[in-house]
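Student: Dropping in work-v8.txt, which is compact mmCIF, C-alpha atoms:
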```txt
# COMPACT_ATOMS: atom_id res chain seq x y z
CA MET F 14 -59.68 8.67 -7.12
CA SER F 15 -58.31 11.27 -4.72
CA ASP F 16 -57.68 8.47 -2.23
CA LEU F 17 -55.60 6.65 -4.76
CA ASN F 18 -53.59 9.79 -5.53
CA THR F 19 -52.81 10.39 -1.88
CA GLN F 20 -51.61 6.85 -1.49
CA ARG F 21 -49.41 7.14 -4.54
CA ARG F 22 -47.90 10.40 -3.25
CA GLN F 23 -47.36 8.84 0.13
CA PHE F 24 -45.68 5.86 -1.49
CA LEU F 25 -43.39 8.06 -3.62
CA LYS F 26 -42.46 10.19 -0.63
CA THR F 27 -41.57 7.19 1.52
CA THR F 28 -39.59 5.51 -1.25
CA LEU F 29 -37.60 8.64 -2.05
CA GLY F 30 -36.96 9.23 1.65
CA ALA F 31 -35.76 5.67 2.14
CA ALA F 32 -33.55 5.90 -0.97
CA ALA F 33 -31.99 9.14 0.29
CA VAL F 34 -31.27 7.58 3.68
CA ALA F 35 -29.72 4.56 1.98
CA ILE F 36 -27.54 6.57 -0.41
CA ALA F 37 -26.45 9.42 1.87
CA PRO F 38 -23.90 7.50 3.99
CA GLY F 39 -22.33 6.15 0.78
CA MET F 40 -21.96 9.66 -0.63
CA LEU F 41 -20.47 10.89 2.64
CA LEU F 42 -17.98 8.01 2.75
CA PHE F 43 -16.98 8.89 -0.79
CA ASP F 44 -16.00 12.38 0.26
CA VAL F 45 -14.06 11.47 3.39
CA ALA F 46 -11.99 8.70 1.78
CA HIS F 47 -8.90 10.65 2.88
CA GLY F 48 -8.23 9.54 6.40
CA ASN F 49 -10.55 6.55 6.31
CA PRO F 50 -8.50 3.43 5.53
CA GLN F 51 -11.62 1.27 5.22
CA ALA F 52 -13.04 3.35 2.35
CA ALA F 53 -11.97 2.82 -1.25
CA ALA F 54 -9.79 5.43 -2.96
CA SER F 55 -12.14 7.98 -4.48
CA GLY F 56 -12.16 8.92 -8.17
CA LYS F 57 -13.26 12.43 -7.20
CA VAL F 58 -9.86 13.08 -5.63
CA ARG F 59 -6.61 13.65 -7.51
CA TRP F 60 -3.63 13.76 -5.18
CA GLY F 61 -0.81 15.99 -6.31
CA MET F 62 2.10 18.10 -5.18
CA LEU F 63 3.44 21.53 -5.95
CA VAL F 64 7.19 21.93 -5.47
CA ASP F 65 8.35 25.51 -4.96
CA ILE F 66 11.91 25.41 -6.28
CA ASN F 67 12.76 28.85 -4.90
CA GLN F 68 12.32 27.36 -1.41
CA CYS F 69 14.31 24.22 -2.26
CA LYS F 70 17.88 24.67 -1.01
CA ASP F 71 20.89 23.35 -2.88
CA GLY F 72 22.65 20.70 -0.81
CA CYS F 73 19.59 20.00 1.35
CA ASN F 74 18.59 16.35 1.25
CA ASP F 75 15.83 16.28 3.87
CA CYS F 76 13.06 14.98 1.58
CA VAL F 77 15.28 12.12 0.39
CA THR F 78 16.25 11.19 3.96
CA ALA F 79 12.62 11.28 5.11
CA CYS F 80 11.59 9.07 2.17
CA ASN F 81 14.36 6.56 2.83
CA LYS F 82 13.45 6.31 6.50
CA GLU F 83 9.70 5.97 5.87
CA ASN F 84 10.06 3.31 3.20
CA GLY F 85 13.09 1.45 4.51
CA LEU F 86 15.42 2.27 1.60
CA SER F 87 19.15 1.88 2.11
CA GLY F 88 19.95 5.43 1.00
CA GLY F 89 22.60 4.20 -1.42
CA THR F 90 22.93 5.99 -4.76
CA LYS F 91 24.59 3.32 -6.91
CA SER F 92 22.81 2.51 -10.15
CA THR F 93 21.54 -0.72 -8.56
CA ASP F 94 20.24 0.94 -5.37
CA PRO F 95 16.51 1.71 -5.29
CA GLN F 96 15.87 5.46 -5.08
CA TRP F 97 12.31 6.74 -4.86
CA ILE F 98 13.21 10.43 -4.78
CA ARG F 99 16.41 12.16 -5.94
CA LYS F 100 17.72 15.68 -5.54
CA ILE F 101 18.99 16.97 -8.88
CA SER F 102 20.73 20.20 -9.85
CA ILE F 103 20.16 21.95 -13.15
CA LYS F 104 22.19 24.78 -14.66
CA ASP F 105 21.34 27.24 -17.41
CA VAL F 106 24.62 27.14 -19.34
CA SER F 107 24.08 30.55 -20.95
CA THR F 108 23.55 32.43 -17.67
CA GLY F 109 25.12 30.08 -15.10
CA HIS F 110 21.89 30.14 -13.06
CA GLU F 111 21.67 27.00 -10.94
CA GLN F 112 18.61 25.37 -9.39
CA SER F 113 18.08 22.34 -7.18
CA LEU F 114 14.92 20.27 -7.16
CA PRO F 115 13.51 16.92 -6.04
CA MET F 116 12.58 14.46 -8.79
CA MET F 117 10.37 11.44 -8.25
CA CYS F 118 7.43 9.62 -9.83
CA GLN F 119 5.29 12.39 -11.34
CA HIS F 120 2.03 10.42 -10.91
CA CYS F 121 0.87 11.09 -14.48
CA GLU F 122 -2.76 11.06 -15.49
CA HIS F 123 -1.69 9.06 -18.58
CA PRO F 124 1.26 7.07 -17.22
CA PRO F 125 3.50 5.40 -19.85
CA CYS F 126 4.57 2.79 -17.26
CA VAL F 127 0.97 1.59 -17.00
CA ASP F 128 0.64 1.46 -20.80
CA VAL F 129 3.62 -0.84 -21.26
CA CYS F 130 3.17 -3.17 -18.26
CA PRO F 131 2.45 -6.69 -19.59
CA THR F 132 0.90 -7.95 -16.34
CA GLN F 133 -1.05 -4.86 -15.24
CA ALA F 134 1.17 -4.65 -12.17
CA SER F 135 1.69 -0.94 -12.90
CA PHE F 136 -1.61 0.75 -12.34
CA LYS F 137 -3.17 4.07 -11.48
CA ARG F 138 -5.38 4.10 -8.41
CA ALA F 139 -8.74 5.90 -8.60
CA ASP F 140 -7.28 8.90 -6.75
CA GLY F 141 -4.47 9.35 -9.29
CA ILE F 142 -1.60 7.64 -7.44
CA VAL F 143 0.52 5.49 -9.76
CA LEU F 144 1.59 2.27 -8.05
CA VAL F 145 3.25 -1.10 -8.63
CA ASP F 146 1.31 -4.15 -7.49
CA ARG F 147 4.29 -6.29 -6.53
CA HIS F 148 2.10 -9.38 -6.38
CA ARG F 149 1.82 -9.15 -10.16
CA CYS F 150 5.18 -7.61 -11.07
CA ILE F 151 7.43 -10.05 -12.94
CA GLY F 152 10.43 -7.70 -12.93
CA CYS F 153 10.60 -7.19 -16.71
CA ARG F 154 11.47 -3.51 -16.24
CA TYR F 155 9.55 -2.28 -19.30
CA CYS F 156 8.09 0.45 -17.09
CA MET F 157 11.56 1.66 -16.15
CA MET F 158 12.35 2.10 -19.83
CA ALA F 159 9.04 3.79 -20.55
CA CYS F 160 9.25 6.35 -17.73
CA PRO F 161 10.53 9.70 -19.02
CA TYR F 162 11.46 10.77 -15.47
CA LYS F 163 13.74 7.83 -14.58
CA ALA F 164 11.58 7.50 -11.48
CA ARG F 165 11.49 3.73 -11.09
CA SER F 166 14.02 1.38 -9.53
CA PHE F 167 14.51 -2.37 -9.61
CA VAL F 168 15.29 -4.25 -6.40
CA HIS F 169 18.41 -6.29 -7.19
CA GLU F 170 19.30 -7.61 -3.74
CA PRO F 171 17.32 -9.76 -1.27
CA LEU F 172 15.91 -7.61 1.53
CA GLU F 173 15.43 -8.27 5.23
CA ASN F 174 13.56 -6.57 8.06
CA GLN F 175 11.31 -4.50 5.84
CA ASN F 176 8.98 -1.96 7.39
CA PRO F 177 5.71 -3.91 7.99
CA ASP F 178 3.82 -0.99 6.42
CA VAL F 179 5.96 -0.95 3.26
CA PRO F 180 6.52 -4.45 1.87
CA ARG F 181 9.40 -4.54 -0.64
CA GLY F 182 11.28 -7.41 -2.22
CA LYS F 183 13.88 -8.57 -4.69
CA GLY F 184 12.85 -8.98 -8.33
CA THR F 185 10.20 -6.27 -8.47
CA VAL F 186 10.13 -2.68 -9.67
CA GLU F 187 9.25 0.09 -7.26
CA ALA F 188 8.89 3.87 -7.17
CA CYS F 189 7.47 6.72 -5.14
CA ASN F 190 3.98 5.67 -4.04
CA MET F 191 3.22 9.10 -2.58
CA CYS F 192 3.28 7.31 0.81
CA VAL F 193 -0.06 5.79 -0.06
CA LEU F 194 -0.63 4.24 3.38
CA ARG F 195 0.03 7.57 5.09
CA ILE F 196 -2.44 9.26 2.73
CA ASP F 197 -5.07 6.58 3.43
CA ASN F 198 -4.55 7.25 7.13
CA GLY F 199 -5.01 11.00 6.65
CA LEU F 200 -1.33 11.95 6.90
CA GLN F 201 0.94 13.84 4.49
CA PRO F 202 3.65 12.06 2.48
CA ALA F 203 6.97 11.72 4.35
CA CYS F 204 8.91 14.06 2.01
CA VAL F 205 6.35 16.84 2.54
CA GLU F 206 6.66 16.52 6.32
CA GLY F 207 10.43 16.15 6.14
CA CYS F 208 11.01 19.35 4.13
CA GLN F 209 12.10 22.04 6.58
CA ASN F 210 11.71 24.82 3.99
CA LYS F 211 8.09 23.85 3.30
CA ALA F 212 8.92 23.66 -0.40
CA ILE F 213 6.47 20.84 -1.14
CA LEU F 214 2.73 21.40 -0.94
CA PHE F 215 0.52 18.30 -1.01
CA GLY F 216 -3.22 18.14 -1.60
CA ASP F 217 -6.21 17.36 -3.75
CA LEU F 218 -5.89 19.03 -7.16
CA ASN F 219 -9.59 18.44 -7.87
CA ASP F 220 -10.87 20.22 -4.77
CA ALA F 221 -11.20 23.91 -5.68
CA ASN F 222 -11.01 24.89 -2.00
CA SER F 223 -7.78 23.03 -1.25
CA GLU F 224 -4.61 25.02 -0.63
CA ILE F 225 -2.82 23.42 -3.57
CA ALA F 226 -5.66 24.07 -6.04
CA LYS F 227 -5.79 27.74 -5.00
CA LYS F 228 -2.03 28.07 -5.31
CA ILE F 229 -1.70 26.53 -8.77
CA GLN F 230 -4.44 28.90 -9.86
CA SER F 231 -2.64 31.97 -8.54
CA VAL F 232 1.04 31.25 -9.29
CA ALA F 233 2.76 30.03 -12.46
CA SER F 234 3.70 26.37 -12.28
CA VAL F 235 4.93 23.90 -14.88
CA GLN F 236 4.97 20.18 -15.49
CA VAL F 237 8.29 18.59 -16.37
CA ARG F 238 8.21 17.42 -20.01
CA ALA F 239 4.76 18.94 -20.48
CA ASP F 240 5.25 18.29 -24.20
CA LEU F 241 4.54 14.60 -23.57
CA GLN F 242 1.01 15.54 -22.43
CA LEU F 243 1.04 13.10 -19.52
CA ASN F 244 -0.64 15.62 -17.20
CA THR F 245 1.56 14.98 -14.20
CA GLY F 246 0.28 15.23 -10.63
CA ILE F 247 3.55 16.82 -9.49
CA ARG F 248 4.01 20.44 -10.57
CA TYR F 249 6.99 22.76 -10.16
CA GLN F 250 6.90 26.45 -9.31
CA GLY F 251 9.86 28.63 -10.32
CA LEU F 252 11.36 26.20 -12.82
CA MET T 21 -23.83 -55.87 16.40
CA LYS T 22 -22.90 -54.09 19.63
CA LEU T 23 -19.71 -56.11 19.81
CA LEU T 24 -18.80 -55.16 16.26
CA LEU T 25 -19.41 -51.47 16.97
CA SER T 26 -17.31 -51.45 20.13
CA LEU T 27 -14.56 -53.30 18.27
CA LEU T 28 -14.60 -50.66 15.54
CA PHE T 29 -14.56 -47.94 18.17
CA CYS T 30 -11.54 -49.48 19.85
CA LEU T 31 -9.77 -49.65 16.52
CA CYS T 32 -10.43 -45.96 15.94
CA ILE T 33 -8.83 -44.74 19.16
CA PRO T 34 -5.19 -45.43 18.19
CA ALA T 35 -5.87 -43.94 14.73
CA VAL T 36 -7.02 -40.69 16.32
CA PHE T 37 -4.00 -40.61 18.59
CA ALA T 38 -1.70 -41.32 15.67
CA ALA T 39 -3.22 -38.47 13.64
CA GLU T 40 -2.80 -36.10 16.59
CA ALA T 41 0.79 -37.18 17.06
CA ASN T 42 1.70 -36.52 13.44
CA THR T 43 0.27 -33.02 13.11
CA PRO T 44 2.77 -30.20 13.62
CA LYS T 45 2.95 -28.56 17.02
CA LEU T 46 2.87 -24.85 16.52
CA ASP T 47 4.08 -21.89 18.49
CA ILE T 48 0.88 -19.86 18.06
CA GLY T 49 2.21 -16.73 19.74
CA LYS T 50 -0.53 -14.75 21.45
CA GLY T 51 -3.14 -16.84 19.61
CA GLY T 52 -6.87 -16.44 20.12
CA GLN T 53 -9.67 -16.15 17.59
CA CYS T 54 -10.26 -12.83 15.87
CA VAL T 55 -11.47 -13.59 12.32
CA LYS T 56 -13.07 -17.06 12.26
CA ASP T 57 -12.68 -20.33 14.15
CA THR T 58 -9.43 -22.28 13.88
CA GLN T 59 -10.70 -25.04 11.58
CA TRP T 60 -12.20 -22.53 9.13
CA MET T 61 -9.02 -20.50 9.11
CA ARG T 62 -6.87 -23.59 8.48
CA ILE T 63 -8.79 -24.29 5.30
CA ASN T 64 -9.54 -20.76 4.07
CA HIS T 65 -6.95 -18.24 5.30
CA MET T 66 -5.29 -17.98 1.86
CA HIS T 67 -8.53 -16.88 0.21
CA LEU T 68 -8.99 -14.11 2.78
CA LEU T 69 -5.39 -12.95 2.31
CA ILE T 70 -5.57 -12.87 -1.51
CA HIS T 71 -8.90 -11.08 -1.51
CA GLN T 72 -7.70 -8.57 1.04
CA ARG T 73 -4.41 -7.87 -0.74
CA ASP T 74 -6.14 -6.99 -4.01
CA GLU T 75 -8.69 -4.79 -2.26
CA ALA T 76 -5.96 -3.00 -0.29
CA VAL T 77 -3.34 -2.55 -3.00
CA ARG T 78 -5.53 -1.79 -6.00
CA LYS T 79 -8.58 -0.10 -4.46
CA GLY T 80 -7.18 1.26 -1.21
CA ILE T 81 -9.71 -0.54 1.01
CA ARG T 82 -7.74 -1.46 4.09
CA SER T 83 -9.62 -3.80 6.39
CA GLU T 84 -8.87 -3.35 10.06
CA GLN T 85 -9.39 -7.00 10.89
CA ILE T 86 -8.16 -8.99 7.91
CA SER T 87 -4.57 -8.06 7.19
CA LEU T 88 -1.32 -10.01 7.03
CA LYS T 89 0.27 -7.44 9.33
CA ASN T 90 -2.35 -8.19 12.00
CA CYS T 91 -1.88 -11.97 11.59
CA VAL T 92 1.84 -11.54 12.22
CA ASP T 93 1.27 -9.18 15.15
CA CYS T 94 -0.78 -11.81 17.03
CA HIS T 95 0.73 -15.08 15.85
CA ALA T 96 4.45 -14.26 15.88
CA SER T 97 6.27 -16.28 18.52
CA THR T 98 6.57 -14.62 21.90
CA LYS T 99 10.19 -15.82 21.99
CA ASP T 100 11.59 -14.45 18.74
CA ASP T 101 8.73 -12.25 17.41
CA SER T 102 8.72 -14.13 14.10
CA VAL T 103 6.25 -16.33 12.18
CA VAL T 104 8.93 -18.03 10.06
CA ALA T 105 12.17 -18.17 12.08
CA ARG T 106 11.94 -21.73 13.47
CA ASP T 107 10.53 -25.10 12.43
CA ASP T 108 7.56 -24.70 14.76
CA SER T 109 6.89 -21.04 13.89
CA PHE T 110 3.24 -20.28 13.15
CA CYS T 111 3.40 -20.15 9.33
CA VAL T 112 6.35 -22.45 8.69
CA GLY T 113 5.14 -25.33 10.91
CA CYS T 114 2.06 -26.20 8.84
CA HIS T 115 3.43 -25.11 5.49
CA ARG T 116 6.41 -27.41 5.81
CA TYR T 117 4.12 -30.25 6.93
CA ALA T 118 1.84 -29.67 3.91
CA ALA T 119 4.80 -29.03 1.56
CA VAL T 120 3.36 -25.71 0.41
CA SER T 121 5.97 -23.00 -0.05
CA ILE T 122 5.10 -19.44 0.98
CA ASP T 123 6.77 -16.43 -0.57
CA CYS T 124 4.80 -13.79 1.38
CA PHE T 125 7.76 -13.02 3.60
CA GLU T 126 10.22 -12.28 0.81
CA CYS T 127 8.55 -8.86 0.73
CA HIS T 128 6.34 -8.68 3.84
CA ALA T 129 7.83 -8.35 7.30
CA SER T 130 7.76 -11.64 9.19
CA LYS T 131 8.27 -9.96 12.55
CA ARG T 132 6.10 -7.90 14.86
CA LYS T 133 6.16 -4.20 14.18
CA ILE T 134 7.12 -3.50 17.80
CA ALA T 135 10.11 -5.86 17.56
CA LEU T 136 11.36 -4.09 14.44
CA ALA T 137 10.81 -0.66 16.00
CA ASN T 138 12.80 -1.67 19.08
CA LYS T 139 15.61 -2.94 16.87
CA ASP T 140 15.70 0.42 15.04
CA ALA T 141 15.87 2.27 18.37
CA GLN T 142 18.89 0.22 19.46
```
For the file at hand, write its structure as structure tokens.

Tutor:
Amino acid sequence: MSDLNTQRRQFLKTTLGAAAVAIAPGMLLFDVAHGNPQAAASGKVRWGMLVDINQCKDGCNDCVTACNKENGLSGGTKSTDPQWIRKISIKDVSTGHEQSLPMMCQHCEHPPCVDVCPTQASFKRADGIVLVDRHRCIGCRYCMMACPYKARSFVHEPLENQNPDVPRGKGTVEACNMCVLRIDNGLQPACVEGCQNKAILFGDLNDANSEIAKKIQSVASVQVRADLQLNTGIRYQGL
Amino acid sequence: MKLLLSLLFCLCIPAVFAAEANTPKLDIGKGGQCVKDTQWMRINHMHLLIHQRDEAVRKGIRSEQISLKNCVDCHASTKDDSVVARDDSFCVGCHRYAAVSIDCFECHASKRKIALANKDAQ
């Protein structure tokens, strides 16, 4: 009887040990998805940004320039030119107080663009980045109408010599993709790097130890159109 | 029987030559085998590309080996750095022969990354 028990214990120990060895690398991969292009985007992560408007200078366009260069945008501002990030100025008419801030896709937790897309081309990746799958996009532009932030653009003209890392083409809708390839390679989005005043902080909102999570806990920040309850990934400080 | 077989064999030789003569001659760029052998790739490359694009775009799994960018980097012509610029370019040659249109390069870059980078620098 005791013999049998020992064997059973031995068996359980070995099986559990083997299971742990088999599962551990998977768990580790899950955590280091940032900076490992071969690993899938992790649902544990939620990428986000905190824009400190007090640091954002009126007339400075560095984030827009960096975005245009990274993604191969023309930099034009006509209504038919794709713009992934815009600098906008707002003024309190009663006091005359003016502020300048960057506005782009807010990477909502509940994105209206994804709700309305008839082909599921608009989608939210596991790590919270809202993207357009251009292979599926039919250019109907429902998402552009649904977006409360006017963040999406339609490509009207044929394009040539695109950046090999950022495929773009006529007839599809596009928007800020938070420089998804840079993130997968462990880099920061281009606008964050391009901002000389360090007004944009990028990081994982779900990781309590990340700089951004600590900062949104300690300073007051708001979501634009919070009343829509979209829970945006981009937050503004000083708005 | 032997005579018949040799006769058949003789008949086959011109057929083989004819088939060879009709197939497109491609500018394979750097060439070489990195994913699978040539015959397998001729038949199956589209399945790899479609599978890889969905994994990469929707899940964020970016394979180091299987990627359209890597195909272009190796197979673009050494003369003009492109896979679609001429009639014998790597992609165009076969696709025109098989009458299968490709729209990959309406969005994706058809040139080597280095070539585009050099152009930007100038």

Student: Do you have the atom CA of Ala139 of chain F-atom CA of Cys126 of chain F distance handy?

Tutor: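 Here the two named atoms are 16.2 Å from each other.
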
Student: Could you check which of F:Asp94, F:Asp146, F:Glu206, F:Glu122 is closest to Cys76 of chain F, using all atoms listed in the file?

Tutor: F:Glu206

Student: Based on all atoms listed in the file, which of the residues in chain F come within 8 Å of chain T? I want them as a ChimeraX atom specification.

Tutor: /F:50-54,136,138-139,146,171-183,197

Student: Quick one: pull the distance between atom CA of Gly30 of chain F and atom CA of Asp220 of chain F, Å, one decimal.

Tutor: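 Those two atoms sit 29.0 Å apart.
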
Student: Could you tell me which of T:Lys22, T:Asp123, T:Gly113, T:Ala96 comes closest to Asn42 of chain T if we count only C-alpha atoms?

Tutor: T:Gly113

Student: So, counting all atoms listed in the file, which residue among F:Cys130, F:Ala203, F:Ile142, F:Val168 is closest to Val77 of chain F?

Tutor: F:Ala203

Student: Calculated over all atoms listed in the file, which of the candidates F:His110, F:Arg195, F:Lys91, F:Arg154 has the smallest distance to Asn49 of chain F?

Tutor: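 So, comparing all the options, the nearest one is F:Arg195.
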
Student: Just how far from atom CA of Gly85 of chain F is atom CA of Val120 of chain T, in Å to one decimal?

Tutor: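 We find that atom CA of Val120 of chain T and atom CA of Gly85 of chain F lie 29.1 Å from each other.
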
Student: Could you name the residues that touch Thr132 of chain F at 8 Å or less, counting all atoms listed in the file, but leaving out those on the same chain fewer than 3 positions away, as a list in words?

Tutor: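 Everything that qualifies: Ser135, Arg149, Cys150 and Ile151 of chain F.
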